[in-house]
Each structure stands twice: as structure tokens, then as C-alpha cells.
$ cat target-v6.txt   # compact mmCIF, C-alpha atoms and all ligand atoms
# COMPACT_ATOMS: atom_id res chain seq x y z
CA MET A 541 47.00 119.92 -22.13
CA SER A 542 46.54 116.31 -20.98
CA HIS A 543 47.35 113.49 -23.35
CA GLU A 544 43.73 112.38 -23.27
CA HIS A 545 42.48 115.80 -24.17
CA HIS A 546 44.99 115.98 -26.95
CA ALA A 547 43.79 112.62 -28.30
CA THR A 548 40.21 113.82 -28.80
CA ARG A 549 41.46 116.89 -30.63
CA ARG A 550 43.48 114.81 -33.06
CA VAL A 551 41.67 116.33 -36.01
CA GLY A 552 42.48 119.75 -34.70
CA GLN A 553 39.22 121.33 -35.80
CA VAL A 554 36.87 120.78 -32.88
CA LYS A 555 35.60 124.12 -31.66
CA GLU A 556 35.13 124.34 -27.93
CA VAL A 557 32.21 126.54 -26.96
CA THR A 558 31.03 127.45 -23.49
CA SER A 559 29.48 130.85 -24.14
CA LEU A 560 25.78 131.14 -24.85
CA SER A 561 26.47 134.24 -26.89
CA ASN A 562 28.76 132.44 -29.32
CA PRO A 563 27.51 133.28 -32.86
CA ILE A 564 27.39 129.63 -33.98
CA VAL A 565 25.29 128.77 -30.93
CA LYS A 566 23.02 131.69 -31.74
CA ASP A 567 22.60 130.47 -35.33
CA ILE A 568 21.68 127.00 -34.10
CA LYS A 569 19.17 128.42 -31.64
CA ALA A 570 17.64 130.48 -34.43
CA LEU A 571 16.61 127.21 -36.10
CA SER A 572 13.67 127.16 -33.72
CA SER A 573 12.09 129.62 -36.16
CA LYS A 574 10.61 128.28 -39.39
CA LYS A 575 11.91 131.29 -41.27
CA MET A 576 15.50 130.41 -40.38
CA ARG A 577 14.97 126.73 -41.13
CA ASP A 578 13.57 127.66 -44.55
CA GLU A 579 16.34 130.12 -45.28
CA THR A 580 19.15 127.78 -44.27
CA ARG A 581 17.33 124.62 -45.38
CA SER A 582 18.54 122.92 -42.24
CA PHE A 583 17.09 121.41 -39.08
CA MET A 584 18.14 119.97 -35.75
CA ALA A 585 17.89 116.37 -34.53
CA GLU A 586 18.76 115.25 -31.02
CA GLY A 587 20.39 112.08 -29.75
CA LEU A 588 23.50 110.07 -30.55
CA LYS A 589 21.59 107.15 -32.08
CA LEU A 590 19.62 109.45 -34.37
CA VAL A 591 22.72 111.26 -35.53
CA ILE A 592 24.53 107.99 -36.26
CA ASP A 593 21.51 106.64 -38.15
CA ALA A 594 21.28 109.84 -40.18
CA LEU A 595 24.97 109.71 -41.09
CA GLU A 596 24.58 106.07 -42.08
CA LEU A 597 21.61 106.93 -44.29
CA GLY A 598 23.73 109.53 -46.07
CA TRP A 599 22.18 112.73 -44.72
CA THR A 600 24.40 115.79 -44.95
CA ILE A 601 25.45 117.02 -41.54
CA ARG A 602 26.28 120.72 -41.22
CA THR A 603 27.16 120.78 -37.53
CA LEU A 604 27.68 118.13 -34.89
CA VAL A 605 27.36 119.32 -31.31
CA TYR A 606 28.27 117.18 -28.31
CA ALA A 607 28.75 117.65 -24.59
CA LYS A 608 32.32 117.69 -23.37
CA ASN A 609 31.63 114.83 -20.96
CA VAL A 610 30.86 112.39 -23.83
CA LYS A 611 33.80 113.40 -26.02
CA ASP A 612 35.64 110.10 -25.48
CA LYS A 613 32.72 107.81 -26.29
CA PRO A 614 33.82 105.79 -29.34
CA GLN A 615 30.52 106.48 -31.13
CA VAL A 616 30.89 110.22 -30.55
CA VAL A 617 34.45 110.16 -31.83
CA GLN A 618 33.25 108.21 -34.89
CA ALA A 619 30.38 110.62 -35.52
CA ALA A 620 32.80 113.56 -35.24
CA THR A 621 35.20 111.91 -37.67
CA ARG A 622 32.38 111.36 -40.16
CA ALA A 623 31.08 114.89 -39.74
CA PHE A 624 34.56 116.23 -40.48
CA ALA A 625 34.96 113.94 -43.47
CA ARG A 626 31.79 115.42 -44.93
CA GLY A 627 32.83 118.98 -44.35
CA GLY A 628 30.73 119.53 -41.22
CA LEU A 629 31.54 121.66 -38.24
CA VAL A 630 32.12 119.96 -34.87
CA LEU A 631 31.39 121.72 -31.59
CA GLU A 632 32.33 120.50 -28.15
CA VAL A 633 30.13 122.37 -25.71
CA SER A 634 29.15 122.65 -22.07
CA GLU A 635 25.89 121.11 -20.90
CA LYS A 636 24.60 124.63 -20.35
CA VAL A 637 25.04 125.36 -24.05
CA LEU A 638 23.28 122.10 -25.00
CA SER A 639 20.38 122.96 -22.69
CA SER A 640 20.08 126.31 -24.34
CA ILE A 641 20.25 124.88 -27.89
CA THR A 642 17.64 122.20 -27.20
CA ARG A 643 15.63 124.28 -24.72
CA ARG A 644 15.64 121.39 -22.28
CA ASP A 645 16.83 120.95 -18.72
CA ASN A 646 18.12 117.45 -19.37
CA PRO A 647 19.38 117.73 -22.93
CA GLN A 648 20.59 114.92 -25.15
CA MET A 649 24.38 114.85 -25.16
CA VAL A 650 24.60 114.89 -28.97
CA VAL A 651 22.77 117.08 -31.47
CA GLY A 652 23.12 117.27 -35.25
CA ILE A 653 22.21 120.04 -37.65
CA PHE A 654 21.32 118.48 -41.00
CA GLU A 655 20.37 119.64 -44.45
CA GLN A 656 16.64 119.32 -45.14
CA ARG A 657 15.53 116.94 -47.85
CA PHE A 658 12.35 116.86 -49.90
CA THR A 659 11.46 114.54 -52.74
CA ALA A 660 9.77 116.05 -55.81
CA LEU A 661 6.30 114.65 -56.50
CA LYS A 662 7.18 114.03 -60.14
CA ASP A 663 9.87 111.62 -58.95
CA VAL A 664 7.36 109.55 -56.96
CA ARG A 665 6.43 106.56 -59.13
CA PRO A 666 5.11 103.99 -56.66
CA GLY A 667 5.62 100.29 -57.37
CA ALA A 668 2.82 97.75 -56.92
CA ASP A 669 3.52 96.97 -53.29
CA GLU A 670 3.96 100.55 -52.13
CA THR A 671 1.73 102.54 -49.80
CA TRP A 672 1.99 106.31 -49.45
CA VAL A 673 0.21 108.66 -47.07
CA ALA A 674 -1.03 112.05 -48.27
CA LEU A 675 -1.97 114.59 -45.59
CA ASP A 676 -4.19 117.52 -46.39
CA ARG A 677 -3.02 120.69 -44.55
CA VAL A 678 -1.78 118.86 -41.45
CA ARG A 679 -1.53 121.39 -38.62
CA ASP A 680 -0.24 119.61 -35.56
CA PRO A 681 3.52 118.82 -35.36
CA GLY A 682 2.87 115.87 -33.03
CA ASN A 683 0.41 114.37 -35.51
CA LEU A 684 2.80 114.81 -38.43
CA GLY A 685 5.72 113.30 -36.50
CA THR A 686 3.58 110.37 -35.37
CA VAL A 687 2.41 109.76 -38.96
CA ILE A 688 6.01 109.77 -40.25
CA ARG A 689 6.99 107.29 -37.52
CA SER A 690 3.98 105.07 -38.32
CA VAL A 691 4.70 105.13 -42.06
CA ASP A 692 8.21 103.92 -41.28
CA ALA A 693 6.97 101.22 -38.88
CA ALA A 694 4.33 99.95 -41.32
CA GLY A 695 6.86 99.60 -44.14
CA ALA A 696 5.09 102.26 -46.21
CA SER A 697 7.04 104.46 -48.60
CA GLY A 698 6.58 108.13 -47.80
CA VAL A 699 4.42 111.11 -46.90
CA ILE A 700 2.96 113.68 -49.29
CA LEU A 701 2.11 117.00 -47.66
CA ILE A 702 -0.69 118.77 -49.51
CA GLY A 703 -1.28 122.49 -49.04
CA ASP A 704 -0.23 124.65 -46.15
CA SER A 705 1.20 122.16 -43.63
CA THR A 706 3.10 122.30 -40.38
CA ASP A 707 6.87 122.10 -40.93
CA PRO A 708 8.15 118.50 -40.92
CA PHE A 709 11.55 119.83 -39.84
CA SER A 710 10.40 121.68 -36.73
CA LEU A 711 11.98 120.40 -33.52
CA GLU A 712 8.61 119.18 -32.25
CA THR A 713 7.86 117.18 -35.40
CA VAL A 714 11.37 115.76 -35.60
CA ARG A 715 11.14 114.69 -31.94
CA ALA A 716 7.81 112.98 -32.55
CA THR A 717 9.24 110.99 -35.48
CA MET A 718 11.69 109.28 -33.10
CA GLY A 719 14.30 109.11 -35.87
CA SER A 720 11.96 108.11 -38.71
CA ILE A 721 12.39 111.61 -40.20
CA PHE A 722 15.62 110.21 -41.71
CA ALA A 723 13.97 107.12 -43.18
CA VAL A 724 10.75 108.43 -44.73
CA PRO A 725 10.75 110.47 -47.96
CA LEU A 726 8.69 113.67 -47.76
CA VAL A 727 6.99 115.50 -50.59
CA ARG A 728 5.45 118.98 -50.54
CA THR A 729 2.75 119.81 -53.02
CA SER A 730 -0.47 121.69 -53.78
CA VAL A 731 -3.96 120.29 -54.33
CA ALA A 732 -3.71 121.01 -58.07
CA GLU A 733 -0.31 119.36 -58.43
CA PHE A 734 -1.44 116.33 -56.42
CA LEU A 735 -4.55 115.87 -58.58
CA ALA A 736 -2.50 116.19 -61.77
CA TRP A 737 0.04 113.65 -60.47
CA LYS A 738 -2.73 111.21 -59.56
CA LYS A 739 -3.84 111.05 -63.20
CA THR A 740 -0.54 109.61 -64.37
CA ALA A 741 0.95 107.89 -61.33
CA GLY A 742 -1.14 104.71 -61.59
CA VAL A 743 -2.16 104.86 -57.94
CA SER A 744 -5.41 104.23 -56.14
CA VAL A 745 -6.28 107.08 -53.80
CA VAL A 746 -8.17 105.83 -50.76
CA ALA A 747 -9.47 108.88 -48.95
CA THR A 748 -10.68 108.66 -45.39
CA HIS A 749 -13.79 110.57 -44.57
CA LEU A 750 -16.24 110.54 -41.70
CA ALA A 751 -18.98 110.31 -44.32
CA GLY A 752 -17.10 107.57 -46.18
CA ALA A 753 -19.28 105.03 -47.95
CA VAL A 754 -17.05 102.01 -47.46
CA ASP A 755 -15.85 100.27 -44.31
CA TYR A 756 -12.03 100.55 -44.42
CA ARG A 757 -11.72 96.77 -44.08
CA LYS A 758 -13.67 96.17 -47.29
CA ILE A 759 -11.35 98.05 -49.63
CA GLY A 760 -9.15 96.27 -52.19
CA TYR A 761 -5.71 97.53 -51.31
CA ARG A 762 -3.86 95.14 -53.59
CA ASP A 763 -4.86 96.19 -57.09
CA LYS A 764 -2.59 99.20 -57.40
CA PRO A 765 -0.16 101.13 -55.22
CA VAL A 766 -2.25 102.90 -52.60
CA VAL A 767 -2.21 106.51 -51.46
CA LEU A 768 -4.07 106.94 -48.17
CA LEU A 769 -5.46 110.46 -48.20
CA MET A 770 -6.17 111.98 -44.79
CA GLY A 771 -8.03 115.19 -43.97
CA ASN A 772 -7.12 118.22 -41.91
CA GLU A 773 -7.60 117.98 -38.13
CA GLN A 774 -10.29 120.65 -37.93
CA SER A 775 -12.14 120.56 -41.21
CA GLY A 776 -11.51 117.12 -42.68
CA LEU A 777 -10.98 116.65 -46.44
CA PRO A 778 -12.16 119.42 -48.77
CA ASP A 779 -14.58 118.35 -51.51
CA GLU A 780 -12.09 118.90 -54.34
CA LEU A 781 -9.87 116.16 -52.86
CA ALA A 782 -12.71 113.89 -51.71
CA VAL A 783 -14.37 113.77 -55.15
CA ALA A 784 -11.10 112.87 -56.84
CA ALA A 785 -10.53 109.82 -54.63
CA ASP A 786 -11.04 106.27 -55.91
CA ALA A 787 -12.71 105.26 -52.64
CA LEU A 788 -13.96 107.02 -49.52
CA ALA A 789 -13.23 104.88 -46.49
CA ARG A 790 -14.73 105.10 -43.06
CA ILE A 791 -13.40 103.59 -39.85
CA PRO A 792 -16.53 102.60 -37.93
CA GLN A 793 -16.63 104.15 -34.48
CA ALA A 794 -18.54 103.39 -31.31
CA GLY A 795 -19.10 105.81 -28.44
CA ARG A 796 -19.50 109.54 -28.35
CA ALA A 797 -16.37 110.80 -30.11
CA ASP A 798 -17.06 112.53 -33.43
CA SER A 799 -13.85 111.36 -35.02
CA LEU A 800 -10.50 109.72 -34.39
CA ASN A 801 -7.30 111.68 -34.00
CA LEU A 802 -5.63 112.13 -37.41
CA ALA A 803 -2.46 110.17 -36.54
CA ILE A 804 -4.47 107.32 -34.99
CA ALA A 805 -6.74 107.12 -38.05
CA THR A 806 -3.65 107.11 -40.30
CA GLY A 807 -2.07 104.32 -38.23
CA ILE A 808 -5.17 102.16 -38.51
CA MET A 809 -5.38 102.69 -42.27
CA LEU A 810 -1.67 102.05 -42.79
CA PHE A 811 -1.59 98.73 -40.99
CA GLU A 812 -4.78 97.58 -42.71
CA ALA A 813 -3.45 98.51 -46.16
CA ARG A 814 -0.08 96.93 -45.49
CA ARG A 815 -1.67 93.76 -44.08
CA HIS A 816 -3.12 93.10 -47.51
CA LEU A 817 0.35 93.18 -49.00
CA LEU A 818 1.72 90.46 -46.71
CA THR A 819 4.96 92.34 -46.12
CA LEU A 820 4.38 92.59 -42.41
CA ASP A 821 3.26 88.95 -42.07
CA GLU A 822 6.39 87.79 -43.85
CA ARG A 823 8.55 89.78 -41.49
CA SER A 824 7.14 88.27 -38.29
N1 LIG B 901 -14.10 117.58 -37.96
C1 LIG B 901 -13.35 116.83 -38.92
C2 LIG B 901 -14.28 116.29 -39.99
O1 LIG B 901 -15.45 116.58 -39.91
O2 LIG B 901 -13.84 115.60 -40.90
C3 LIG B 901 -12.58 115.75 -38.20
C4 LIG B 901 -11.33 115.47 -38.85
S1 LIG B 901 -10.42 114.10 -38.14
C5 LIG B 901 -9.88 114.72 -36.63
C6 LIG B 901 -8.99 114.15 -39.15
C7 LIG B 901 -8.94 113.14 -40.25
O3 LIG B 901 -8.77 111.83 -39.69
C8 LIG B 901 -10.19 113.03 -41.09
O4 LIG B 901 -10.23 114.01 -42.10
C9 LIG B 901 -10.02 111.64 -41.67
O5 LIG B 901 -9.08 111.66 -42.72
C10 LIG B 901 -9.45 110.88 -40.50
N2 LIG B 901 -10.46 110.23 -39.67
C11 LIG B 901 -10.69 110.41 -38.35
N3 LIG B 901 -11.63 109.57 -37.91
C12 LIG B 901 -12.04 108.85 -38.98
C13 LIG B 901 -12.98 107.80 -39.19
N4 LIG B 901 -13.73 107.33 -38.20
N5 LIG B 901 -13.11 107.29 -40.42
C14 LIG B 901 -12.37 107.74 -41.44
N6 LIG B 901 -11.46 108.71 -41.32
C15 LIG B 901 -11.29 109.26 -40.11
$ encode --input "target-v6.txt" --output "C-alpha cells" --more "lines below"
Ligand code: SAM
Amino acid sequence: MSHEHHATRRVGQVKEVTSLSNPIVKDIKALSSKKMRDETRSFMAEGLKLVIDALELGWTIRTLVYAKNVKDKPQVVQAATRAFARGGLVLEVSEKVLSSITRRDNPQMVVGIFEQRFTALKDVRPGADETWVALDRVRDPGNLGTVIRSVDAAGASGVILIGDSTDPFSLETVRATMGSIFAVPLVRTSVAEFLAWKKTAGVSVVATHLAGAVDYRKIGYRDKPVVLLMGNEQSGLPDELAVAADALARIPQAGRADSLNLAIATGIMLFEARRHLLTLDERS
């Protein structure tokens, strides 16, 4: 064993894996199914920067996987040390194994398996300058990931998933968040629970609707913390949610399109609502 090799194994617990049929590799690959993600309450995130950010934000890492050829990178060594310190498993694998885990020809050299995290709705008590997004039965992983990323970028506080939604911890959604999955609190709830919460949370629910009565630029976003309520991609907001809203906002459209894409509409609403709170202006 070379000295260099020895140095990277200083902790003595790195598992070297080159076989695709290794049981740990199989377990990680099984996380592509929602059932397994639910059962193990874990998910996969790709990329060294993401993994480092997640560790810094205090997320619990179950397994760190990296390609043998990056084992000496100081950041990889540091991530491995942290993973060990928190009781995680560390795997040093061949690129072939990484390709198989991530189902990509050119995989990221570092992958982390983390514990999922949800915030309970009862613990969400928004302060005056907070903006939340509530999504009704969001279906598309790309839309959900893009919304989470936009919430992060706009300085909003979190995302409430109402009803039967796509899994925020699927690989596709996590990829689309570009790392914001680790920065944005997520809540899962039902229509009934959301409506009950609204009664006591002191928030103003601004629902977006194609038949909305008010131009989205004419809404007072400053009076109370705002929850931007967005409808399902296919069917829009159901009446039981629309009638409970404090305002129904419309983004005026030109042209032939019936509606805007859900994530685009959410982005427009977010930056308008946040603009009224000055936070973004102060930052620039
Ligand atoms: N066929 C659906 C309908 O009739 O509502 C279209 C839904 S649209 C793709 C998804 C969501 O994006 C809508 O429920 C709404 O929340 C928001 N949205 C899209 N375009 C909008 C607009 N011009 N004004 C307000 N909200 C809009």
C-alpha cells in the first residue's frame, strides 16, 4: 500500500466498492423508488458543493460516496471526515459505480445520501416579512424543484405542499433545486389542515387563478405575512381552496397561451411579493 493511499484511509473506515452488485450500492440505487425513499426517509443529492453545503447546514448524512480519483481533494477529505464524525458511512467507488448510482454517463464525483426533513405545519408561524408558497397537488418534479430554487432566491421562507404532490426528495426534483432543497423548509399537508392553519396563522393567502379578479401588481403584500397559493398544473386551484383565499390574483397575459407554467407563475408572484418588502432592494 502506497503512503498516499494509506493517508486517505487514515480513519480506517472507508469502504472501497467496485462491484455493482455490492448490497450498499444496491440500497442506494433503490432510492430511485419513492417507496424506498419513504421507507428509509432518505434521499440522494449529487455534487461536492451541494454535499458540503448540506453538511454546513446541519443535514444528517447517512452515506457519502466519492470517486476514487477525487479522494485526495481537500474538500472531499473534509466531507469524509465530517460524515464519519456524524456516524455516516463513507464509500470510495469506481466511476462505473457512480454512473450506476446516479444513472448518468458523466456522473458527479461526489454523492450524499441524506435524511429527509419536513417541517410540521403547526410549527410554521410566519413573521411579518415572510413569504411562503403553497402548492396544490404539484405533479411535475421539475416544477417543484424550480419553485424551491426560486423561493430560496427570492428570500422567501418555505414551501407548503397541499394534497397528493410529487416527491420533493426524488432525484429529479432535488436536481432541479440546484442545492436549494437544503435551504428551504418543506411542509406536507392536506386541504383541511391547511385551511384550519390559515385561520390561526395570521397570514394573508393570495391565491393565483386564471379567473382572478385582481391584477397581481395591485395586491397589498405588506399588511401580513403572505402565502402565495398556486394551483395544480392541469386543473388549477379547486374551489374549496380558491374561496378560502384573501385575494385571487391574476397575471395578465398577452398572446395565445391559456396560462403560464406553474413555476414561472410562482416566480413572478414571489419576486413581486418580495419587492414590496424591500428585502431584495436592500441586498442589491
Ligand atoms: N388549466 C389550468 C387552469 O385552468 O387553471 C392551468 C393551470 S396553470 C398551468 C398552473 C397554475 O399556475 C395556476 O393554477 C395558477 O396558480 C398559476 N398561473 C398560471 N398562469 C397564471 C396567470 N396568468 N395568472 C395567475 N395564475 C396563473
$ residues_around --input "target-v6.txt" --residues "region 809-811 of chain A" --least-positions-apart "3" --cutoff "9 Å" --atoms "all atoms listed in the file" --output "list in words"
Thr671, Trp672, Val673, Ser690, Val691, Ala694, Gly695, Ala696, Thr748, Tyr756, Arg757, Leu768, Ile791, Ile804, Ala805, Thr806, Arg814, Arg815, His816 and Leu820 of chain A
$ residues_around --input "target-v6.txt" --residues "region 643-657 of chain A" --least-positions-apart "3" --cutoff "10 Å" --atoms "only C-alpha atoms" --output "VMD selection string"
chain A and resid 568 to 569 571 to 572 577 to 578 580 to 592 594 to 595 599 to 611 616 619 623 628 to 640 660 708 to 709 721 to 722 725 to 727
$ closest_atom_pairs --input "target-v6.txt" --of "chain A" --to "ligand LIG 901 (chain B)" --cutoff "9 Å" --atoms "all atoms listed in the file" --output "JSON lines"
{"residue": "A:Leu675", "atom": "CA", "partner": "B:LIG901", "partner_atom": "O5", "distance": 8.2}
{"residue": "A:Asp676", "atom": "CA", "partner": "B:LIG901", "partner_atom": "O4", "distance": 8.2}
{"residue": "A:Val678", "atom": "CA", "partner": "B:LIG901", "partner_atom": "C6", "distance": 8.9}
{"residue": "A:Ala747", "atom": "CA", "partner": "B:LIG901", "partner_atom": "O5", "distance": 6.8}
{"residue": "A:Thr748", "atom": "CA", "partner": "B:LIG901", "partner_atom": "N6", "distance": 4.1}
{"residue": "A:His749", "atom": "CA", "partner": "B:LIG901", "partner_atom": "N6", "distance": 4.4}
{"residue": "A:Leu750", "atom": "CA", "partner": "B:LIG901", "partner_atom": "N5", "distance": 4.7}
{"residue": "A:Ala751", "atom": "CA", "partner": "B:LIG901", "partner_atom": "C14", "distance": 7.7}
{"residue": "A:Gly752", "atom": "CA", "partner": "B:LIG901", "partner_atom": "C14", "distance": 6.7}
{"residue": "A:Asp755", "atom": "CA", "partner": "B:LIG901", "partner_atom": "N5", "distance": 8.5}
{"residue": "A:Tyr756", "atom": "CA", "partner": "B:LIG901", "partner_atom": "C14", "distance": 7.8}
{"residue": "A:Leu768", "atom": "CA", "partner": "B:LIG901", "partner_atom": "O5", "distance": 8.8}
{"residue": "A:Leu769", "atom": "CA", "partner": "B:LIG901", "partner_atom": "O5", "distance": 6.7}
{"residue": "A:Met770", "atom": "CA", "partner": "B:LIG901", "partner_atom": "O5", "distance": 3.6}
{"residue": "A:Gly771", "atom": "CA", "partner": "B:LIG901", "partner_atom": "O4", "distance": 3.1}
{"residue": "A:Asn772", "atom": "CA", "partner": "B:LIG901", "partner_atom": "O4", "distance": 5.2}
{"residue": "A:Glu773", "atom": "CA", "partner": "B:LIG901", "partner_atom": "C6", "distance": 4.2}
{"residue": "A:Gln774", "atom": "CA", "partner": "B:LIG901", "partner_atom": "N1", "distance": 4.9}
{"residue": "A:Ser775", "atom": "CA", "partner": "B:LIG901", "partner_atom": "C1", "distance": 4.5}
{"residue": "A:Gly776", "atom": "CA", "partner": "B:LIG901", "partner_atom": "O2", "distance": 3.3}
{"residue": "A:Leu777", "atom": "CA", "partner": "B:LIG901", "partner_atom": "O4", "distance": 5.1}
{"residue": "A:Pro778", "atom": "CA", "partner": "B:LIG901", "partner_atom": "O4", "distance": 8.8}
{"residue": "A:Leu788", "atom": "CA", "partner": "B:LIG901", "partner_atom": "C14", "distance": 8.3}
{"residue": "A:Ala789", "atom": "CA", "partner": "B:LIG901", "partner_atom": "C14", "distance": 5.9}
{"residue": "A:Arg790", "atom": "CA", "partner": "B:LIG901", "partner_atom": "N5", "distance": 3.8}
{"residue": "A:Ile791", "atom": "CA", "partner": "B:LIG901", "partner_atom": "N5", "distance": 3.8}
{"residue": "A:Pro792", "atom": "CA", "partner": "B:LIG901", "partner_atom": "N4", "distance": 5.5}
{"residue": "A:Gln793", "atom": "CA", "partner": "B:LIG901", "partner_atom": "N4", "distance": 5.7}
{"residue": "A:Asp798", "atom": "CA", "partner": "B:LIG901", "partner_atom": "C3", "distance": 7.3}
{"residue": "A:Ser799", "atom": "CA", "partner": "B:LIG901", "partner_atom": "N3", "distance": 4.1}
{"residue": "A:Leu800", "atom": "CA", "partner": "B:LIG901", "partner_atom": "N3", "distance": 3.7}
{"residue": "A:Asn801", "atom": "CA", "partner": "B:LIG901", "partner_atom": "C5", "distance": 4.8}
{"residue": "A:Leu802", "atom": "CA", "partner": "B:LIG901", "partner_atom": "O3", "distance": 3.9}
{"residue": "A:Ala803", "atom": "CA", "partner": "B:LIG901", "partner_atom": "O3", "distance": 7.2}
{"residue": "A:Ile804", "atom": "CA", "partner": "B:LIG901", "partner_atom": "C11", "distance": 7.7}
{"residue": "A:Ala805", "atom": "CA", "partner": "B:LIG901", "partner_atom": "N2", "distance": 5.1}
{"residue": "A:Thr806", "atom": "CA", "partner": "B:LIG901", "partner_atom": "C10", "distance": 6.9}
{"residue": "A:Met809", "atom": "CA", "partner": "B:LIG901", "partner_atom": "N6", "distance": 8.6}
$ closest_residue --input "target-v6.txt" --among "A:Thr729, A:Ser573, A:Ser561, A:Gln553" --to "Val664 (chain A)" --atoms "only C-alpha atoms"
A:Thr729
$ atom_distance --input "target-v6.txt" --atom1 "CA of Val687 (chain A)" --atom2 "CA of Glu712 (chain A)"
13.1 Å
$ closest_residue --input "target-v6.txt" --among "A:Glu780, A:Asp567, A:Asp669, A:Glu733" --to "Tyr761 (chain A)" --atoms "all atoms listed in the file"
A:Asp669
$ residues_around --input "target-v6.txt" --residues "Asp707 (chain A)" --least-positions-apart "4" --cutoff "10 Å" --atoms "only C-alpha atoms" --output "list in words"
Lys574, Arg577, Asp578, Val678, Arg679, Asp680, Pro681, Leu684, Gly685, Leu701, Leu711, Glu712, Thr713 and Val714 of chain A
$ axis_aligned_box --input "target-v6.txt" --around "region 705-724 of chain A" --padding-each-side "6 Å" --output "lines of an AutoDock Vina configuration file"
center_x = 8.4
center_y = 114.7
center_z = -38.3
size_x = 26.4
size_y = 27.2
size_z = 24.8
$ atom_distance --input "target-v6.txt" --atom1 "CA of Ala753 (chain A)" --atom2 "CA of Asp692 (chain A)"
28.3 Å
$ closest_residue --input "target-v6.txt" --among "A:Ala787, A:Val731, A:Ala782, A:Val554" --to "Val754 (chain A)" --atoms "only C-alpha atoms"
A:Ala787
$ closest_residue --input "target-v6.txt" --among "A:Ala668, A:Leu817, A:Val724, A:Leu661" --to "Val743 (chain A)" --atoms "all atoms listed in the file"
A:Ala668
$ atom_distance --input "target-v6.txt" --atom1 "CA of Gly598 (chain A)" --atom2 "CA of Arg622 (chain A)"
10.6 Å
$ decode --input "target-v6.txt" --residues "region 575-582 of chain A" --atoms "all heavy atoms" --output "mmCIF file, in the first residue's frame"
data_model
loop_
_atom_site.group_PDB
_atom_site.id
_atom_site.type_symbol
_atom_site.label_atom_id
_atom_site.label_comp_id
_atom_site.auth_asym_id
_atom_site.auth_seq_id
_atom_site.Cartn_x
_atom_site.Cartn_y
_atom_site.Cartn_z
ATOM 1 N N LYS A 575 -41.069 4.493 -2.863
ATOM 2 C CA LYS A 575 -41.362 3.589 -1.761
ATOM 3 C C LYS A 575 -40.130 3.456 -0.851
ATOM 4 O O LYS A 575 -40.238 3.557 0.367
ATOM 5 C CB LYS A 575 -41.754 2.232 -2.347
ATOM 6 C CG LYS A 575 -42.239 1.237 -1.361
ATOM 7 C CD LYS A 575 -42.914 0.068 -2.075
ATOM 8 C CE LYS A 575 -43.150 -1.073 -1.119
ATOM 9 N NZ LYS A 575 -41.988 -1.932 -0.893
ATOM 10 N N MET A 576 -38.979 3.259 -1.471
ATOM 11 C CA MET A 576 -37.759 3.099 -0.679
ATOM 12 C C MET A 576 -37.365 4.409 0.004
ATOM 13 O O MET A 576 -36.884 4.409 1.129
ATOM 14 C CB MET A 576 -36.595 2.603 -1.558
ATOM 15 C CG MET A 576 -36.658 1.133 -1.886
ATOM 16 S SD MET A 576 -36.874 0.106 -0.411
ATOM 17 C CE MET A 576 -35.243 0.268 0.327
ATOM 18 N N ARG A 577 -37.556 5.511 -0.707
ATOM 19 C CA ARG A 577 -37.242 6.807 -0.075
ATOM 20 C C ARG A 577 -38.144 7.027 1.141
ATOM 21 O O ARG A 577 -37.690 7.474 2.194
ATOM 22 C CB ARG A 577 -37.434 7.963 -1.075
ATOM 23 C CG ARG A 577 -36.363 8.033 -2.140
ATOM 24 C CD ARG A 577 -36.398 9.384 -2.856
ATOM 25 N NE ARG A 577 -37.669 9.657 -3.505
ATOM 26 C CZ ARG A 577 -38.004 9.259 -4.730
ATOM 27 N NH1 ARG A 577 -37.153 8.552 -5.446
ATOM 28 N NH2 ARG A 577 -39.187 9.564 -5.237
ATOM 29 N N ASP A 578 -39.415 6.684 1.001
ATOM 30 C CA ASP A 578 -40.354 6.851 2.118
ATOM 31 C C ASP A 578 -39.970 5.943 3.281
ATOM 32 O O ASP A 578 -39.959 6.356 4.441
ATOM 33 C CB ASP A 578 -41.783 6.527 1.670
ATOM 34 C CG ASP A 578 -42.370 7.623 0.793
ATOM 35 O OD1 ASP A 578 -41.733 8.703 0.695
ATOM 36 O OD2 ASP A 578 -43.437 7.411 0.199
ATOM 37 N N GLU A 579 -39.679 4.690 2.941
ATOM 38 C CA GLU A 579 -39.371 3.720 3.994
ATOM 39 C C GLU A 579 -38.103 4.088 4.758
ATOM 40 O O GLU A 579 -38.040 3.943 5.969
ATOM 41 C CB GLU A 579 -39.199 2.328 3.376
ATOM 42 C CG GLU A 579 -40.505 1.544 3.343
ATOM 43 C CD GLU A 579 -40.344 0.209 2.623
ATOM 44 O OE1 GLU A 579 -39.289 -0.445 2.789
ATOM 45 O OE2 GLU A 579 -41.269 -0.149 1.896
ATOM 46 N N THR A 580 -37.097 4.544 4.027
ATOM 47 C CA THR A 580 -35.815 4.832 4.669
ATOM 48 C C THR A 580 -35.708 6.297 5.069
ATOM 49 O O THR A 580 -34.740 6.707 5.703
ATOM 50 C CB THR A 580 -34.637 4.507 3.725
ATOM 51 O OG1 THR A 580 -34.768 5.327 2.544
ATOM 52 C CG2 THR A 580 -34.629 3.051 3.313
ATOM 53 N N ARG A 581 -36.694 7.091 4.662
ATOM 54 C CA ARG A 581 -36.691 8.537 4.905
ATOM 55 C C ARG A 581 -35.355 9.166 4.533
ATOM 56 O O ARG A 581 -34.785 9.990 5.250
ATOM 57 C CB ARG A 581 -37.003 8.846 6.368
ATOM 58 C CG ARG A 581 -38.388 8.411 6.714
ATOM 59 C CD ARG A 581 -38.904 9.155 7.922
ATOM 60 N NE ARG A 581 -40.152 8.573 8.355
ATOM 61 C CZ ARG A 581 -40.404 8.164 9.580
ATOM 62 N NH1 ARG A 581 -39.508 8.273 10.517
ATOM 63 N NH2 ARG A 581 -41.572 7.654 9.890
ATOM 64 N N SER A 582 -34.855 8.745 3.362
ATOM 65 C CA SER A 582 -33.591 9.315 2.906
ATOM 66 C C SER A 582 -33.686 9.698 1.433
ATOM 67 O O SER A 582 -34.676 9.387 0.767
ATOM 68 C CB SER A 582 -32.451 8.324 3.147
ATOM 69 O OG SER A 582 -32.689 7.139 2.430
#
